[in-house]
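Note: the block below is coords.cif and it holds mmCIF, C-alpha atoms.
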```
data_run
#
loop_
_atom_site.group_PDB
_atom_site.id
_atom_site.type_symbol
_atom_site.label_atom_id
_atom_site.label_comp_id
_atom_site.auth_asym_id
_atom_site.auth_seq_id
_atom_site.Cartn_x
_atom_site.Cartn_y
_atom_site.Cartn_z
ATOM 1 C CA MET A 1 0.000 0.000 0.000
ATOM 2 C CA SER A 2 1.316 3.452 -0.925
ATOM 3 C CA MET A 3 1.553 6.085 1.779
ATOM 4 C CA VAL A 4 2.474 8.690 -0.847
ATOM 5 C CA SER A 5 1.491 8.661 -4.508
ATOM 6 C CA VAL A 6 2.681 11.504 -6.723
ATOM 7 C CA GLN A 7 1.711 11.655 -10.386
ATOM 8 C CA ARG A 8 2.853 14.120 -13.066
ATOM 9 C CA LEU A 9 3.715 16.643 -10.355
ATOM 10 C CA SER A 10 4.920 20.070 -11.456
ATOM 11 C CA LYS A 11 5.612 23.248 -9.536
ATOM 12 C CA SER A 12 6.491 26.693 -10.838
ATOM 13 C CA TYR A 13 6.775 30.167 -9.331
ATOM 14 C CA ARG A 14 6.579 33.673 -10.696
ATOM 15 C CA ARG A 15 9.644 35.843 -10.176
ATOM 16 C CA GLY A 16 8.505 39.137 -11.628
ATOM 17 C CA PRO A 17 7.715 38.478 -15.298
ATOM 18 C CA GLU A 18 9.765 35.262 -15.232
ATOM 19 C CA LYS A 19 8.237 31.812 -14.703
ATOM 20 C CA VAL A 20 10.592 29.548 -12.713
ATOM 21 C CA GLU A 21 10.002 25.819 -13.161
ATOM 22 C CA VAL A 22 11.066 23.921 -10.017
ATOM 23 C CA LEU A 23 9.572 20.441 -10.543
ATOM 24 C CA HIS A 24 8.769 18.814 -13.882
ATOM 25 C CA GLY A 25 6.276 15.945 -14.128
ATOM 26 C CA VAL A 26 7.530 13.991 -11.107
ATOM 27 C CA ASP A 27 6.128 10.496 -10.458
ATOM 28 C CA LEU A 28 6.815 8.914 -7.076
ATOM 29 C CA GLU A 29 5.434 6.103 -4.934
ATOM 30 C CA VAL A 30 6.359 5.795 -1.248
ATOM 31 C CA PRO A 31 5.070 2.555 0.297
ATOM 32 C CA GLU A 32 3.710 2.541 3.823
ATOM 33 C CA GLY A 33 6.575 1.945 6.255
ATOM 34 C CA ASP A 34 9.241 3.199 3.822
ATOM 35 C CA PHE A 35 12.199 5.387 4.863
ATOM 36 C CA LEU A 36 13.068 7.447 1.796
ATOM 37 C CA ALA A 37 15.983 9.870 1.511
ATOM 38 C CA LEU A 38 15.864 12.559 -1.174
ATOM 39 C CA MET A 39 19.224 13.945 -2.288
ATOM 40 C CA GLY A 40 20.440 16.339 -4.948
ATOM 41 C CA PRO A 41 22.248 19.643 -5.437
ATOM 42 C CA SER A 42 20.935 22.914 -4.092
ATOM 43 C CA GLY A 43 18.080 24.168 -6.244
ATOM 44 C CA SER A 44 17.189 20.696 -7.505
ATOM 45 C CA GLY A 45 13.672 20.833 -6.025
ATOM 46 C CA LYS A 46 14.141 18.549 -2.984
ATOM 47 C CA THR A 47 12.581 20.840 -0.399
ATOM 48 C CA THR A 48 9.834 21.885 -2.814
ATOM 49 C CA LEU A 49 8.875 18.231 -3.310
ATOM 50 C CA LEU A 50 9.025 17.632 0.443
ATOM 51 C CA ASN A 51 6.784 20.643 1.131
ATOM 52 C CA LEU A 52 4.254 19.445 -1.446
ATOM 53 C CA ILE A 53 4.127 15.942 0.062
ATOM 54 C CA GLY A 54 3.732 17.502 3.513
ATOM 55 C CA GLY A 55 0.887 19.774 2.452
ATOM 56 C CA LEU A 56 2.841 22.969 3.075
ATOM 57 C CA ASP A 57 2.444 24.039 -0.557
ATOM 58 C CA LEU A 58 0.199 23.218 -3.512
ATOM 59 C CA PRO A 59 1.355 21.971 -6.932
ATOM 60 C CA SER A 60 0.976 23.863 -10.181
ATOM 61 C CA ALA A 61 -0.118 20.615 -11.843
ATOM 62 C CA GLY A 62 -0.375 16.920 -11.037
ATOM 63 C CA GLU A 63 -1.776 14.793 -8.233
ATOM 64 C CA ILE A 64 -0.640 14.094 -4.664
ATOM 65 C CA SER A 65 -2.263 11.443 -2.482
ATOM 66 C CA VAL A 66 -1.015 10.921 1.066
ATOM 67 C CA SER A 67 -2.505 8.328 3.382
ATOM 68 C CA GLY A 68 -5.295 7.817 0.849
ATOM 69 C CA GLU A 69 -6.311 11.485 0.583
ATOM 70 C CA ARG A 70 -5.943 13.764 -2.461
ATOM 71 C CA ILE A 71 -4.291 16.745 -0.823
ATOM 72 C CA ASP A 72 -3.832 18.654 -4.094
ATOM 73 C CA ARG A 73 -7.622 19.176 -4.103
ATOM 74 C CA MET A 74 -7.781 20.644 -0.584
ATOM 75 C CA ASP A 75 -8.168 24.305 0.309
ATOM 76 C CA GLY A 76 -6.173 26.009 3.052
ATOM 77 C CA GLY A 77 -8.491 25.087 5.909
ATOM 78 C CA GLN A 78 -8.757 21.468 4.823
ATOM 79 C CA LEU A 79 -4.981 21.206 4.449
ATOM 80 C CA SER A 80 -4.433 22.636 7.927
ATOM 81 C CA SER A 81 -6.763 20.053 9.452
ATOM 82 C CA TRP A 82 -5.183 17.269 7.393
ATOM 83 C CA ARG A 83 -1.655 18.256 8.424
ATOM 84 C CA SER A 84 -2.532 18.283 12.109
ATOM 85 C CA ARG A 85 -3.770 14.689 12.052
ATOM 86 C CA THR A 86 -1.505 13.144 9.398
ATOM 87 C CA VAL A 87 1.981 14.681 9.293
ATOM 88 C CA GLY A 88 4.825 15.212 11.760
ATOM 89 C CA TYR A 89 7.471 17.767 10.695
ATOM 90 C CA ILE A 90 11.158 17.740 11.646
ATOM 91 C CA PHE A 91 13.323 20.597 10.402
ATOM 92 C CA GLN A 92 17.017 21.497 10.471
ATOM 93 C CA PHE A 93 16.342 24.199 13.047
ATOM 94 C CA TYR A 94 14.305 22.931 15.938
ATOM 95 C CA ASN A 95 11.691 25.729 16.096
ATOM 96 C CA LEU A 96 11.150 25.201 19.811
ATOM 97 C CA MET A 97 9.462 27.858 21.924
ATOM 98 C CA PRO A 98 12.299 29.194 24.129
ATOM 99 C CA ALA A 99 10.058 30.105 27.081
ATOM 100 C CA LEU A 100 8.488 26.629 27.285
ATOM 101 C CA THR A 101 9.839 23.439 28.794
ATOM 102 C CA ALA A 102 10.457 20.360 26.672
ATOM 103 C CA GLN A 103 7.193 18.931 28.000
ATOM 104 C CA LYS A 104 5.215 22.018 26.995
ATOM 105 C CA ASN A 105 6.877 22.205 23.570
ATOM 106 C CA VAL A 106 5.879 18.612 22.859
ATOM 107 C CA GLU A 107 2.313 19.283 23.973
ATOM 108 C CA LEU A 108 1.842 22.154 21.486
ATOM 109 C CA PRO A 109 0.405 20.106 18.570
ATOM 110 C CA LEU A 110 -2.100 18.534 20.945
ATOM 111 C CA LEU A 111 -3.656 21.913 21.713
ATOM 112 C CA LEU A 112 -5.424 21.560 18.354
ATOM 113 C CA THR A 113 -7.097 18.339 19.515
ATOM 114 C CA LYS A 114 -9.943 17.636 21.927
ATOM 115 C CA LEU A 115 -7.696 15.820 24.396
ATOM 116 C CA SER A 116 -7.892 16.824 28.049
ATOM 117 C CA GLY A 117 -4.977 18.559 29.710
ATOM 118 C CA SER A 118 -4.034 15.432 31.619
ATOM 119 C CA GLN A 119 -4.103 13.318 28.446
ATOM 120 C CA ARG A 120 -1.942 15.863 26.612
ATOM 121 C CA LYS A 121 0.621 15.675 29.418
ATOM 122 C CA GLN A 122 0.571 11.893 29.371
ATOM 123 C CA ASN A 123 1.024 11.713 25.594
ATOM 124 C CA ALA A 124 3.901 14.209 25.737
ATOM 125 C CA ARG A 125 5.610 12.211 28.480
ATOM 126 C CA ILE A 126 5.337 9.050 26.389
ATOM 127 C CA ALA A 127 6.790 10.827 23.335
ATOM 128 C CA LEU A 128 9.712 12.163 25.368
ATOM 129 C CA GLU A 129 10.353 8.687 26.741
ATOM 130 C CA LEU A 130 10.468 7.319 23.178
ATOM 131 C CA VAL A 131 13.228 9.786 22.262
ATOM 132 C CA GLY A 132 15.150 9.194 25.488
ATOM 133 C CA LEU A 133 14.446 12.523 27.183
ATOM 134 C CA ALA A 134 12.061 11.599 29.997
ATOM 135 C CA ASP A 135 14.540 13.084 32.487
ATOM 136 C CA ARG A 136 14.749 16.398 30.605
ATOM 137 C CA ARG A 137 11.073 17.237 30.277
ATOM 138 C CA ALA A 138 11.265 20.182 32.715
ATOM 139 C CA HIS A 139 14.242 21.757 30.895
ATOM 140 C CA LYS A 140 13.900 24.706 28.523
ATOM 141 C CA PRO A 141 15.608 24.686 25.098
ATOM 142 C CA ASN A 142 18.598 26.783 26.230
ATOM 143 C CA GLU A 143 19.293 24.149 28.888
ATOM 144 C CA LEU A 144 19.569 21.391 26.271
ATOM 145 C CA SER A 145 22.234 20.483 23.721
ATOM 146 C CA GLY A 146 21.524 20.723 20.003
ATOM 147 C CA GLY A 147 20.970 16.980 19.785
ATOM 148 C CA GLN A 148 18.607 17.055 22.756
ATOM 149 C CA GLN A 149 16.665 19.950 21.234
ATOM 150 C CA GLN A 150 16.260 17.959 18.016
ATOM 151 C CA ARG A 151 15.009 15.005 20.084
ATOM 152 C CA VAL A 152 12.394 17.302 21.620
ATOM 153 C CA ALA A 153 11.433 18.383 18.094
ATOM 154 C CA ILE A 154 11.085 14.728 17.091
ATOM 155 C CA ALA A 155 8.941 14.021 20.160
ATOM 156 C CA ARG A 156 6.744 16.968 19.162
ATOM 157 C CA ALA A 157 6.487 15.540 15.632
ATOM 158 C CA ILE A 158 5.367 12.092 16.807
ATOM 159 C CA VAL A 159 3.178 13.045 19.781
ATOM 160 C CA SER A 160 -0.030 13.065 17.715
ATOM 161 C CA ASP A 161 0.852 9.673 16.141
ATOM 162 C CA PRO A 162 1.092 10.940 12.537
ATOM 163 C CA SER A 163 0.996 8.625 9.540
ATOM 164 C CA ILE A 164 4.137 10.142 7.984
ATOM 165 C CA LEU A 165 7.200 12.068 9.154
ATOM 166 C CA ILE A 166 8.549 14.825 6.892
ATOM 167 C CA CYS A 167 12.207 15.623 7.658
ATOM 168 C CA ASP A 168 14.073 18.533 6.072
ATOM 169 C CA GLU A 169 17.818 18.278 6.801
ATOM 170 C CA PRO A 170 17.197 16.943 10.349
ATOM 171 C CA THR A 171 20.940 16.696 11.084
ATOM 172 C CA GLY A 172 22.073 19.810 9.226
ATOM 173 C CA ASP A 173 22.767 21.796 12.413
ATOM 174 C CA LEU A 174 24.330 18.963 14.454
ATOM 175 C CA ASP A 175 27.811 17.566 15.060
ATOM 176 C CA ARG A 176 28.732 14.064 13.873
ATOM 177 C CA GLN A 177 27.862 12.217 17.081
ATOM 178 C CA SER A 178 24.532 13.996 17.541
ATOM 179 C CA SER A 179 23.717 13.417 13.858
ATOM 180 C CA GLU A 180 24.277 9.687 14.221
ATOM 181 C CA GLU A 181 22.108 9.585 17.356
ATOM 182 C CA ILE A 182 19.268 11.431 15.626
ATOM 183 C CA MET A 183 19.467 9.243 12.524
ATOM 184 C CA GLY A 184 19.506 6.133 14.702
ATOM 185 C CA LEU A 185 16.381 7.408 16.430
ATOM 186 C CA LEU A 186 14.630 8.024 13.105
ATOM 187 C CA ARG A 187 15.543 4.528 11.946
ATOM 188 C CA THR A 188 14.119 3.102 15.176
ATOM 189 C CA LEU A 189 10.884 5.028 14.676
ATOM 190 C CA ASN A 190 10.717 3.611 11.166
ATOM 191 C CA ARG A 191 11.537 0.006 12.047
ATOM 192 C CA ASP A 192 9.933 -0.370 15.473
ATOM 193 C CA GLN A 193 7.051 2.118 15.296
ATOM 194 C CA GLY A 194 6.309 1.633 11.591
ATOM 195 C CA LYS A 195 6.565 5.328 10.755
ATOM 196 C CA THR A 196 6.813 6.240 7.078
ATOM 197 C CA ILE A 197 9.619 8.798 6.687
ATOM 198 C CA VAL A 198 10.490 11.066 3.771
ATOM 199 C CA MET A 199 13.726 12.956 4.400
ATOM 200 C CA VAL A 200 15.709 15.554 2.473
ATOM 201 C CA THR A 201 19.435 15.519 3.221
ATOM 202 C CA HIS A 202 22.745 16.652 1.744
ATOM 203 C CA ASP A 203 24.643 14.207 3.967
ATOM 204 C CA PRO A 204 25.432 10.792 2.426
ATOM 205 C CA ARG A 205 26.010 9.382 5.934
ATOM 206 C CA ALA A 206 22.491 10.372 6.955
ATOM 207 C CA ALA A 207 21.073 8.859 3.766
ATOM 208 C CA GLU A 208 22.647 5.514 4.674
ATOM 209 C CA TYR A 209 20.111 5.164 7.497
ATOM 210 C CA ALA A 210 17.227 5.261 5.003
ATOM 211 C CA SER A 211 15.794 2.195 3.286
ATOM 212 C CA ARG A 212 16.419 3.771 -0.116
ATOM 213 C CA THR A 213 17.687 6.978 -1.672
ATOM 214 C CA LEU A 214 16.408 8.895 -4.693
ATOM 215 C CA HIS A 215 18.111 11.829 -6.382
ATOM 216 C CA LEU A 216 16.663 14.978 -7.894
ATOM 217 C CA ASP A 217 18.383 17.043 -10.546
ATOM 218 C CA LYS A 218 16.866 20.183 -12.051
ATOM 219 C CA GLY A 219 13.377 19.256 -10.871
ATOM 220 C CA THR A 220 13.399 15.673 -12.130
ATOM 221 C CA LEU A 221 13.924 12.391 -10.278
ATOM 222 C CA VAL A 222 16.983 10.629 -11.710
ATOM 223 C CA ASP A 223 18.833 7.396 -11.074
ATOM 224 C CA GLY A 224 22.489 7.308 -10.062
ATOM 225 C CA GLY A 225 23.636 7.853 -13.616
ATOM 226 C CA GLY A 226 21.601 10.998 -14.108
ATOM 227 C CA VAL A 227 18.867 9.295 -16.115
ATOM 228 C CA ALA A 228 15.237 10.261 -15.518
ATOM 229 C CA ALA A 229 13.559 7.638 -13.355
ATOM 230 C CA ARG A 230 10.012 6.562 -12.592
ATOM 231 C CA CYS A 231 9.668 5.500 -8.962
#
```

Just give me the structure of the file as structure tokens.
Amino acid sequence: MSMVSVQRLSKSYRRGPEKVEVLHGVDLEVPEGDFLALMGPSGSGKTTLLNLIGGLDLPSAGEISVSGERIDRMDGGQLSSWRSRTVGYIFQFYNLMPALTAQKNVELPLLLTKLSGSQRKQNARIALELVGLADRRAHKPNELSGGQQQRVAIARAIVSDPSILICDEPTGDLDRQSSEEIMGLLRTLNRDQGKTIVMVTHDPRAAEYASRTLHLDKGTLVDGGGVAARC
């Protein structure tokens, strides 16, 4: 079963009078439970494709189905609701609220749900335990290392039990040891928790943790030899 199905996907932007083509007729299937790494040079369209799969942007043409829903047909309000129940986001920069503890940061996505305060706290505690930070839940971001802050961000991403995790350079701001710890955690979430993961990375070492790697070049998916590929 496909978690993500992309067909004939194109994306362009207007830059003054100029039309900039970013993606060109991309076809992609991501099976449920897959861990996919997307690589390619800067400007190849990796983050644009990731944002489209995650419902953060809409395509110029083509179809996107995620978890059985056609998100390219949704309006802004529908997409917002869909994102809150379907997708967990992990970015290069942790985007934690500096005045809140780790526990409170992880609870933030749950404020959009109908869960009680006590249930939100319980779910956040469980998520922090899964990422190995149960003993740091009362700490604020400036009291945590970069790797620990990214673990809090991962706990926040998984606390609502999303169907898919969208990761944009999740180790880009970390040292080697912290990067390996974070990638090991993502692999555990994939293998043990069954999370489908789509990750953009420039780091070949990070890509090695994925089940498979695809490359983009000038808005087109290509194989290792630079030949256009259907996936």

So how far away is CA of Pro31 in chain A from CA of Leu221 in chain A, in Å?
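Atom-to-atom, CA of Leu221 in chain A to CA of Pro31 in chain A, that is 16.9 Å.
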
Running the PyMOL selection byres ((chain A and resi 144) around 12) on this model by hand, what would come out? Give it as a short mmCIF file (atom, residue, chain, number, x, y, z; two decimals) with C-alpha atoms, in the coordinates of the input.
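Listed below is the output, out_3.cif:
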```cif
data_model
loop_
_atom_site.label_atom_id
_atom_site.label_comp_id
_atom_site.auth_asym_id
_atom_site.auth_seq_id
_atom_site.Cartn_x
_atom_site.Cartn_y
_atom_site.Cartn_z
CA TYR A 94 14.30 22.93 15.94
CA LEU A 96 11.15 25.20 19.81
CA PRO A 98 12.30 29.19 24.13
CA THR A 101 9.84 23.44 28.79
CA ALA A 102 10.46 20.36 26.67
CA LEU A 133 14.45 12.52 27.18
CA ASP A 135 14.54 13.08 32.49
CA ARG A 136 14.75 16.40 30.60
CA ARG A 137 11.07 17.24 30.28
CA ALA A 138 11.26 20.18 32.72
CA HIS A 139 14.24 21.76 30.90
CA LYS A 140 13.90 24.71 28.52
CA PRO A 141 15.61 24.69 25.10
CA ASN A 142 18.60 26.78 26.23
CA GLU A 143 19.29 24.15 28.89
CA SER A 145 22.23 20.48 23.72
CA GLY A 146 21.52 20.72 20.00
CA GLY A 147 20.97 16.98 19.78
CA GLN A 148 18.61 17.06 22.76
CA GLN A 149 16.66 19.95 21.23
CA GLN A 150 16.26 17.96 18.02
CA ARG A 151 15.01 15.00 20.08
CA VAL A 152 12.39 17.30 21.62
CA ALA A 153 11.43 18.38 18.09
#
```

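Taking CA of Gln103 in chain A and CA of Gln193 in chain A as the two end points, the separation is 21.1 Å.
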
Which one is closest to Gly88 in chain A: A:Gly33, A:Gly62, A:Gly117, A:Pro162? Count all atoms listed in the file.
A:Pro162

Considering all atoms listed in the file, return as number ranges by chain whatever protein or nucleic-acid residues lie within 8 Å of range 105-113 of chain A, sequence-local ones (same chain, fewer than 2 positions apart) excluded.
A: 84, 96-97, 100-103, 115, 120-121, 123-124, 127-128, 152-153, 155-157, 159-160

Would you output that residue set with C-alpha atoms, as a CSV table (one decimal), keeping the file's coordinate frame?
```
chain,number,residue,atom,x,y,z
A,84,SER,CA,-2.5,18.3,12.1
A,96,LEU,CA,11.2,25.2,19.8
A,97,MET,CA,9.5,27.9,21.9
A,100,LEU,CA,8.5,26.6,27.3
A,101,THR,CA,9.8,23.4,28.8
A,102,ALA,CA,10.5,20.4,26.7
A,103,GLN,CA,7.2,18.9,28.0
A,115,LEU,CA,-7.7,15.8,24.4
A,120,ARG,CA,-1.9,15.9,26.6
A,121,LYS,CA,0.6,15.7,29.4
A,123,ASN,CA,1.0,11.7,25.6
A,124,ALA,CA,3.9,14.2,25.7
A,127,ALA,CA,6.8,10.8,23.3
A,128,LEU,CA,9.7,12.2,25.4
A,152,VAL,CA,12.4,17.3,21.6
A,153,ALA,CA,11.4,18.4,18.1
A,155,ALA,CA,8.9,14.0,20.2
A,156,ARG,CA,6.7,17.0,19.2
A,157,ALA,CA,6.5,15.5,15.6
A,159,VAL,CA,3.2,13.0,19.8
A,160,SER,CA,0.0,13.1,17.7
```

How would you write as a ChimeraX atom specification the residues that get within 8 Å of (19.3, 18.2, -9.7) in the file's frame, counting all atoms listed in the file?
/A:40-45,215-221

Output the residue selection produced by the PyMOL selection byres ((chain A and resi 53) around 10) on the file above, formatted as a PyMOL selection string.
chain A and resi 4-6+47-52+54-59+64-66+71-72+87+164+166+198

Given the file above and the PyMOL selection byres ((chain A and resi 210) around 7), which residues are selected, and can you give them as a CSV table (one decimal) with C-alpha atoms, keeping the file's coordinate frame?
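part_21.csv was written with the following content:
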```csv
chain,number,residue,atom,x,y,z
A,35,PHE,CA,12.2,5.4,4.9
A,36,LEU,CA,13.1,7.4,1.8
A,37,ALA,CA,16.0,9.9,1.5
A,207,ALA,CA,21.1,8.9,3.8
A,208,GLU,CA,22.6,5.5,4.7
A,209,TYR,CA,20.1,5.2,7.5
A,211,SER,CA,15.8,2.2,3.3
A,212,ARG,CA,16.4,3.8,-0.1
A,213,THR,CA,17.7,7.0,-1.7
```

Pick from A:Asp27, A:Leu38, A:Ser178, A:Phe93 nearest to Asp203 in chain A, counting all atoms listed in the file:
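Residue with the minimum atom-to-atom distance to Asp203 in chain A: A:Leu38.
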
Computed interatomic separation between CA of His24 in chain A and CA of Leu9 in chain A (Å):
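Computing it gives 6.5 Å between the two atoms.
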